[in-house]
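Engineer: One structure is given below, represented as structure tokens, and several questions about it will come after.
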Amino acid sequence: MTATDLTTPKRRRARLSLSTTLSLIMLGLVLALAVLTPLWPGFDPMHQDLFGSLGPAFSDTAHPLGTDALGRDVLSRLARATQVSLLIAASAVAISACLGLALGLLAGWYRGLADTLLMGLGNIQLAIPVVLLLIVLVAALGASTWMLVLLLGLTNWVTYGRLTRSMVLSLRSQEFVIAARTAGATDLWILARHLLPNVAPKVLILAAFDTGVVIAIESSLSFIGLGVQPPTPSLGMMISEGQRYLQTEPHLTILPAFVIFCLIGGIQFAGQGLAAKPPSRG
Amino acid sequence: MGRYLLSRLLGGAATLLAVLTFVFLLVRFSGDPVRLMLPDQATAEDVAAMRHALGLDLSLPVQYLTFLQSAVQGDLGISLRQGRPALDIVLERMPATLELALISFSIGFFIAVALAVISEVSGSRRLNTLILWIATARQSVPPFLFGILLVLIFSVKMNVLPAIGRNDWSSYVIPVATIASFEIALYLRLIGSAFEEMRASDWVRTARAKGISRPRLVLGHMLPNALLPVITVAGVNLGVLIGGLVVLETVFNWPGLGRLIIDSVSQRDFPVVQAGVLMIACAFVVINLLVDFIYAALDPRVRHS
């Protein structure tokens with residue numbers, strides 16, 4: 001290693017920490033499941049075959065991971081459910097990040113009444129636990145995938161709003177912002193050209209971690225039947241269906257559980273890898 | 001400090017008023033309760049009579065004021081399914097939830113502090129990393145899933161613990177372990193990162209240079225400082241805990257408030273949902289007020305401001 005370092009100093013490889021490697025493996029597995037499985041010719045998450053129900057895993061090449069209570073292919077359902085979970089989480093996080101970013105910019109820049117109102121609203125919303133709030137809202141407004149995305153997005157903006165606001169508060173008195181104001185820049189120009197680019201990177205990082213949280217919430221809701229509605233498969237719903245056969249067919253519960261673990265864990269361990277100090281090298 | 005506490009009290013009151021408004025609007029948007037209460041063959045006159053009896057024919061602002069007035073007096077309406085006051089039904093279920101939350105929180109918090117202190121006193125990097133890894137792995141499994149996995153291992157496969165219900169002590173083990181492990185992971189990471197920051201600080205270096213023993217340094221100096229921010233997080237985290245409980249009580253068939261709310265949601269019994277949500281929000285506001293008071297009592301910077 002030392003010898004190569006001396007001869008080719010520019011090609012020194014950055015060593016990945018153990019947790020980063022683990023995170024890449026977990027996320028890689030999940031992405032492969034979501035992206036590659038649909039290319040497989042036997043892919044069909046919906047087809048029911050009541051005579052071939054509860055088929056065991058690893059015994060039939062037509063259904064590599066067995067079949068569920070309605071004879072549907074477990075591998076295909078896992079893949080579709082993963083796609084659904086990722087799509088819901090990504091869309092919901094995009095909504096709450098944009099909303100929080102916009103509201104936080106306004107509150108931090110204009111202060112005054114807008115600030116008091118927005119942050120007060122945020123405090124009030126936090127008085128009802130998010131999962132409970134979602135359960136009640138879904139119950140009142142009706143459950144559907146897009147309603148779920150909308151509600152998840154709208155109930156989760158507070159963290160982004162607070163982060164953006166606090167950053168804008170410290171940025172607004174910095175010289176480059178004051179210089180822009182002195183030069184006659186409009187509010188819109190300063191917000192879009194000076195504040196947004198400074199705030200966006202941190203909001204993006206928060207969004208990446210938040211995706212794991214949203215996946216956990218969505219799977220909990222789908223588990224109690226208030227999230228994704230059948231026939232669309234979701235990981236939480238697959239677990240609640242599999243729970244009935246815990247005694248005889250535990251893989252119906254364990255497989256979707258493992259996918260959820262990889263999804264959330266992949267993000268969590270990436271965070272741990274980032275937080276840990278990089279290995280010290282000369 | 002008086003002004004600080006007063007502003008917190010007013011904030012709490014405003015939050016409760018907002019939650020009351022929210023649950024009021026919620027019931028108004030969830031469909032006509034009269035249709036749910038009357039049989040299908042009810043005539044238009046029956047419906048009109050019922051609406052009049054419930055005060056639903058009044059204007060929305062009047063209904064809102066009436067609702068607020070009776071809510072303040074402790075009247076949150078009658079359950080559409082059981083015909084009893086919704087508040088009574090909610091209060092009956094409250095102890096089971098509180099019990100589970102408090103037992104799990106205390107056990108989890110105590111173990112987290114103990115583990116963090118042991119790891120810090122030992123000064124072993126390996127132990128530190130191992131604990132961090134386990135905590136992260138635990139946080140990667142949502143509570144409902146962890147509960148099911150425990151049931152699979154200890155009830156289905158090994159058959160040593162009951163999977164559901166609330167009977168003797170053994171039925172508490174799996175639910176408490178599920179929630180407590182989540183709390184352990186959370187507080188362990190919080191306290192651990194607080195220790196990490198302090199380790200590089202001047203005052204820790206000074207203390208060590210003066211020859212203080214490691215246990216005394218950690219227990220007497222570092223832990224009290226690390227616990228201060230943890231108290232604030234604990235208040236907010238309680239919301240997460242209760243939110244998780246709502247789902248977990250379904251998994252374990254635990255006769256608490258969370259299961260009541262979910263059952264009432266599926267039966268469209270909105271007065272009970274209303275009362276349940278209100279009760280949880282009340283608990284949350286009161287606990288956060290307590291946290292603010294404790295914080296003010298502990299932190300001289302707040303106390304003297």
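Scheme for the structure tokens: letters A, B, ... for chains in order shown; per-chain residue numbers from 1; ligand numbers from 1 in order shown.
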Can you pull out every residue within 12 Å of Val136 of chain A, counting only C-alpha atoms, but drop anything in the same chain fewer than 4 positions away, and send it as a ChimeraX atom specification?
Structural biologist: /A:128-132,140-143,148,151,221,226-227 /B:22-23,25-27,29-30,243,246,258,261-266,268-278
Engineer: Excluding Leu188 of chain A and residues on its chain fewer than 6 positions from it, collect all residues at most 12 Å away from it, counting only C-alpha atoms, and give them as a ChimeraX atom specification.
Structural biologist: /A:102,105-106,109-110,180-181,194-196
Engineer: The selected residues should be written to file as a PDB file, in the first residue's frame (atoms: N, CA, C and O atoms).
Structural biologist:
ATOM      1  N   ALA A 102     -39.999  26.560   1.032  1.00  0.00           N
ATOM      2  CA  ALA A 102     -40.675  27.807   0.658  1.00  0.00           C
ATOM      3  C   ALA A 102     -41.134  28.563   1.903  1.00  0.00           C
ATOM      4  O   ALA A 102     -40.854  29.758   2.062  1.00  0.00           O
ATOM      5  N   LEU A 105     -38.165  29.891   3.957  1.00  0.00           N
ATOM      6  CA  LEU A 105     -37.551  31.066   3.336  1.00  0.00           C
ATOM      7  C   LEU A 105     -38.375  32.311   3.636  1.00  0.00           C
ATOM      8  O   LEU A 105     -37.846  33.351   4.037  1.00  0.00           O
ATOM      9  N   LEU A 106     -39.700  32.193   3.463  1.00  0.00           N
ATOM     10  CA  LEU A 106     -40.579  33.341   3.703  1.00  0.00           C
ATOM     11  C   LEU A 106     -40.507  33.775   5.160  1.00  0.00           C
ATOM     12  O   LEU A 106     -40.352  34.961   5.462  1.00  0.00           O
ATOM     13  N   TRP A 109     -37.036  35.287   6.038  1.00  0.00           N
ATOM     14  CA  TRP A 109     -36.691  36.535   5.349  1.00  0.00           C
ATOM     15  C   TRP A 109     -37.596  37.679   5.775  1.00  0.00           C
ATOM     16  O   TRP A 109     -37.144  38.773   6.070  1.00  0.00           O
ATOM     17  N   TYR A 110     -38.922  37.438   5.824  1.00  0.00           N
ATOM     18  CA  TYR A 110     -39.850  38.528   6.128  1.00  0.00           C
ATOM     19  C   TYR A 110     -40.115  38.683   7.616  1.00  0.00           C
ATOM     20  O   TYR A 110     -40.617  39.718   8.027  1.00  0.00           O
ATOM     21  N   ALA A 180     -26.115  42.636  -1.775  1.00  0.00           N
ATOM     22  CA  ALA A 180     -27.122  42.479  -2.825  1.00  0.00           C
ATOM     23  C   ALA A 180     -28.261  43.472  -2.607  1.00  0.00           C
ATOM     24  O   ALA A 180     -28.753  44.098  -3.554  1.00  0.00           O
ATOM     25  N   ARG A 181     -28.649  43.631  -1.339  1.00  0.00           N
ATOM     26  CA  ARG A 181     -29.743  44.571  -1.042  1.00  0.00           C
ATOM     27  C   ARG A 181     -29.338  45.991  -1.395  1.00  0.00           C
ATOM     28  O   ARG A 181     -30.097  46.748  -1.983  1.00  0.00           O
ATOM     29  N   HIS A 194     -29.585  34.016  -3.856  1.00  0.00           N
ATOM     30  CA  HIS A 194     -28.592  34.042  -2.784  1.00  0.00           C
ATOM     31  C   HIS A 194     -28.931  33.097  -1.637  1.00  0.00           C
ATOM     32  O   HIS A 194     -28.068  32.430  -1.105  1.00  0.00           O
ATOM     33  N   LEU A 195     -30.185  33.066  -1.249  1.00  0.00           N
ATOM     34  CA  LEU A 195     -30.526  32.256  -0.078  1.00  0.00           C
ATOM     35  C   LEU A 195     -30.760  30.794  -0.456  1.00  0.00           C
ATOM     36  O   LEU A 195     -30.206  29.886   0.154  1.00  0.00           O
ATOM     37  N   LEU A 196     -31.563  30.564  -1.484  1.00  0.00           N
ATOM     38  CA  LEU A 196     -31.905  29.183  -1.876  1.00  0.00           C
ATOM     39  C   LEU A 196     -30.669  28.305  -2.099  1.00  0.00           C
ATOM     40  O   LEU A 196     -30.588  27.203  -1.541  1.00  0.00           O
TER      41      LEU A 196
END
Engineer: I'd like to know which residues of segment 36-272 of chain A are alpha helix (DSSP H) (by DSSP, run on the backbone); could you write them as a PyMOL selection string?
Structural biologist: chain A and resi 36+74-110+112-126+130-141+145-155+157-171+175-182+187-189+196-223+235-242+251-272
Engineer: Which residues are close to segment 160-176 of chain B, i.e. within 6 Å by only C-alpha atoms, leaving aside same-chain residues fewer than 2 positions away? Reply as a list in words.
Structural biologist: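 The contact residues come out as Ser104, Val151, Phe154, Ser155, Met158, Thr178, Ile179, Ala180, Phe252, Asn253 and Trp254 of chain B.
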Engineer: With N, CA, C and O atoms retained, export the selected residues as an mmCIF file, in the first residue's frame.
Structural biologist:
data_model
loop_
_atom_site.group_PDB
_atom_site.id
_atom_site.type_symbol
_atom_site.label_atom_id
_atom_site.label_comp_id
_atom_site.auth_asym_id
_atom_site.auth_seq_id
_atom_site.Cartn_x
_atom_site.Cartn_y
_atom_site.Cartn_z
ATOM 1 N N SER B 104 -42.201 1.088 29.682
ATOM 2 C CA SER B 104 -41.212 0.945 28.609
ATOM 3 C C SER B 104 -40.236 2.105 28.611
ATOM 4 O O SER B 104 -39.037 1.925 28.441
ATOM 5 N N VAL B 151 -42.660 -11.686 18.403
ATOM 6 C CA VAL B 151 -43.745 -12.666 18.529
ATOM 7 C C VAL B 151 -43.363 -13.948 17.792
ATOM 8 O O VAL B 151 -43.538 -15.060 18.309
ATOM 9 N N PHE B 154 -40.407 -15.623 20.010
ATOM 10 C CA PHE B 154 -40.662 -16.068 21.385
ATOM 11 C C PHE B 154 -42.032 -16.707 21.595
ATOM 12 O O PHE B 154 -42.214 -17.450 22.544
ATOM 13 N N SER B 155 -43.009 -16.396 20.718
ATOM 14 C CA SER B 155 -44.318 -17.016 20.901
ATOM 15 C C SER B 155 -44.524 -18.190 19.952
ATOM 16 O O SER B 155 -44.943 -19.262 20.344
ATOM 17 N N MET B 158 -40.540 -20.502 19.919
ATOM 18 C CA MET B 158 -40.088 -21.039 21.199
ATOM 19 C C MET B 158 -41.231 -21.271 22.169
ATOM 20 O O MET B 158 -41.092 -22.025 23.132
ATOM 21 N N THR B 178 -40.346 -4.359 22.933
ATOM 22 C CA THR B 178 -40.425 -3.693 21.634
ATOM 23 C C THR B 178 -40.218 -2.196 21.783
ATOM 24 O O THR B 178 -39.404 -1.595 21.071
ATOM 25 N N ILE B 179 -40.961 -1.581 22.699
ATOM 26 C CA ILE B 179 -40.877 -0.127 22.829
ATOM 27 C C ILE B 179 -39.584 0.272 23.524
ATOM 28 O O ILE B 179 -38.909 1.220 23.105
ATOM 29 N N ALA B 180 -39.222 -0.456 24.597
ATOM 30 C CA ALA B 180 -38.025 -0.078 25.350
ATOM 31 C C ALA B 180 -36.788 -0.133 24.466
ATOM 32 O O ALA B 180 -35.932 0.751 24.539
ATOM 33 N N PHE B 252 -50.419 -6.176 19.215
ATOM 34 C CA PHE B 252 -50.461 -7.012 20.411
ATOM 35 C C PHE B 252 -51.867 -7.167 20.972
ATOM 36 O O PHE B 252 -52.031 -7.735 22.051
ATOM 37 N N ASN B 253 -52.866 -6.634 20.282
ATOM 38 C CA ASN B 253 -54.229 -6.671 20.780
ATOM 39 C C ASN B 253 -54.295 -6.125 22.208
ATOM 40 O O ASN B 253 -54.927 -6.703 23.089
ATOM 41 N N TRP B 254 -53.603 -5.020 22.418
ATOM 42 C CA TRP B 254 -53.494 -4.392 23.729
ATOM 43 C C TRP B 254 -54.697 -3.470 23.934
ATOM 44 O O TRP B 254 -54.943 -2.594 23.121
#
Engineer: Got a sec to pull out which chain A residues are within 9 Å of chain B, counting only C-alpha atoms, and send them as an MDAnalysis selection string?
Structural biologist: chainID A and resid 19 120:121 123:133 135:137 139:142 212:213 216:217 219:221 223:224 236 239 243 246:247 250 253:254 257 260:269 272
Engineer: If I take atom CA of Ile215 of chain A and atom CA of Ala92 of chain A, how far is one from the other in Å, to one decimal?
Structural biologist: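 Here the two named atoms are 9.8 Å from each other.
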Engineer: Report, in Å with one decimal, the straight-line distance from atom CA of Leu235 of chain A to atom CA of Thr248 of chain A.
Structural biologist: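 One can read the atom CA of Leu235 of chain A to atom CA of Thr248 of chain A distance as 19.6 Å.
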Engineer: From a backbone DSSP assignment, name each residue in segment 37-155 of chain A labelled strand (DSSP E or B), as a list of chain:residue names.
Structural biologist: A:Asp60, A:His63, A:Thr67, A:Asp73
Engineer: Write to file, as a PDB file, in the first residue's frame, the residues of the selection just made, with all heavy atoms.
Structural biologist:
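Saved file result23.pdb follows:
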ATOM      1  N   ASP A  60     -39.956 -23.968  -6.358  1.00  0.00           N
ATOM      2  CA  ASP A  60     -40.591 -23.930  -7.668  1.00  0.00           C
ATOM      3  C   ASP A  60     -39.932 -22.791  -8.463  1.00  0.00           C
ATOM      4  O   ASP A  60     -39.878 -21.652  -7.988  1.00  0.00           O
ATOM      5  CB  ASP A  60     -42.091 -23.649  -7.462  1.00  0.00           C
ATOM      6  CG  ASP A  60     -42.848 -23.642  -8.776  1.00  0.00           C
ATOM      7  OD1 ASP A  60     -42.194 -23.832  -9.833  1.00  0.00           O
ATOM      8  OD2 ASP A  60     -44.061 -23.449  -8.743  1.00  0.00           O
ATOM      9  N   HIS A  63     -42.110 -19.782  -9.151  1.00  0.00           N
ATOM     10  CA  HIS A  63     -42.302 -18.867  -8.018  1.00  0.00           C
ATOM     11  C   HIS A  63     -41.139 -19.033  -7.046  1.00  0.00           C
ATOM     12  O   HIS A  63     -41.252 -19.745  -6.047  1.00  0.00           O
ATOM     13  CB  HIS A  63     -43.615 -19.168  -7.293  1.00  0.00           C
ATOM     14  CG  HIS A  63     -44.813 -19.131  -8.186  1.00  0.00           C
ATOM     15  ND1 HIS A  63     -45.273 -17.964  -8.758  1.00  0.00           N
ATOM     16  CD2 HIS A  63     -45.646 -20.113  -8.610  1.00  0.00           C
ATOM     17  CE1 HIS A  63     -46.340 -18.227  -9.494  1.00  0.00           C
ATOM     18  NE2 HIS A  63     -46.581 -19.516  -9.427  1.00  0.00           N
ATOM     19  N   THR A  67     -45.650 -18.584  -3.035  1.00  0.00           N
ATOM     20  CA  THR A  67     -46.855 -17.811  -3.329  1.00  0.00           C
ATOM     21  C   THR A  67     -47.578 -17.480  -2.032  1.00  0.00           C
ATOM     22  O   THR A  67     -47.390 -18.139  -1.018  1.00  0.00           O
ATOM     23  CB  THR A  67     -47.806 -18.615  -4.245  1.00  0.00           C
ATOM     24  OG1 THR A  67     -48.014 -19.901  -3.650  1.00  0.00           O
ATOM     25  CG2 THR A  67     -47.253 -18.777  -5.629  1.00  0.00           C
ATOM     26  N   ASP A  73     -47.544 -14.505  -6.830  1.00  0.00           N
ATOM     27  CA  ASP A  73     -46.103 -14.708  -6.745  1.00  0.00           C
ATOM     28  C   ASP A  73     -45.469 -13.720  -5.752  1.00  0.00           C
ATOM     29  O   ASP A  73     -45.585 -12.504  -5.913  1.00  0.00           O
ATOM     30  CB  ASP A  73     -45.479 -14.531  -8.132  1.00  0.00           C
ATOM     31  CG  ASP A  73     -43.981 -14.743  -8.094  1.00  0.00           C
ATOM     32  OD1 ASP A  73     -43.551 -15.804  -7.614  1.00  0.00           O
ATOM     33  OD2 ASP A  73     -43.248 -13.842  -8.531  1.00  0.00           O
TER      34      ASP A  73
END
Engineer: For each of B:Glu197, B:Glu92, B:Glu45, B:Glu120, take the minimum atom-to-atom distance to Met279 of chain B, counting only C-alpha atoms, then give the residue where this is smallest.
Structural biologist: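 The shortest atom-to-atom distance to Met279 of chain B comes from B:Glu92.
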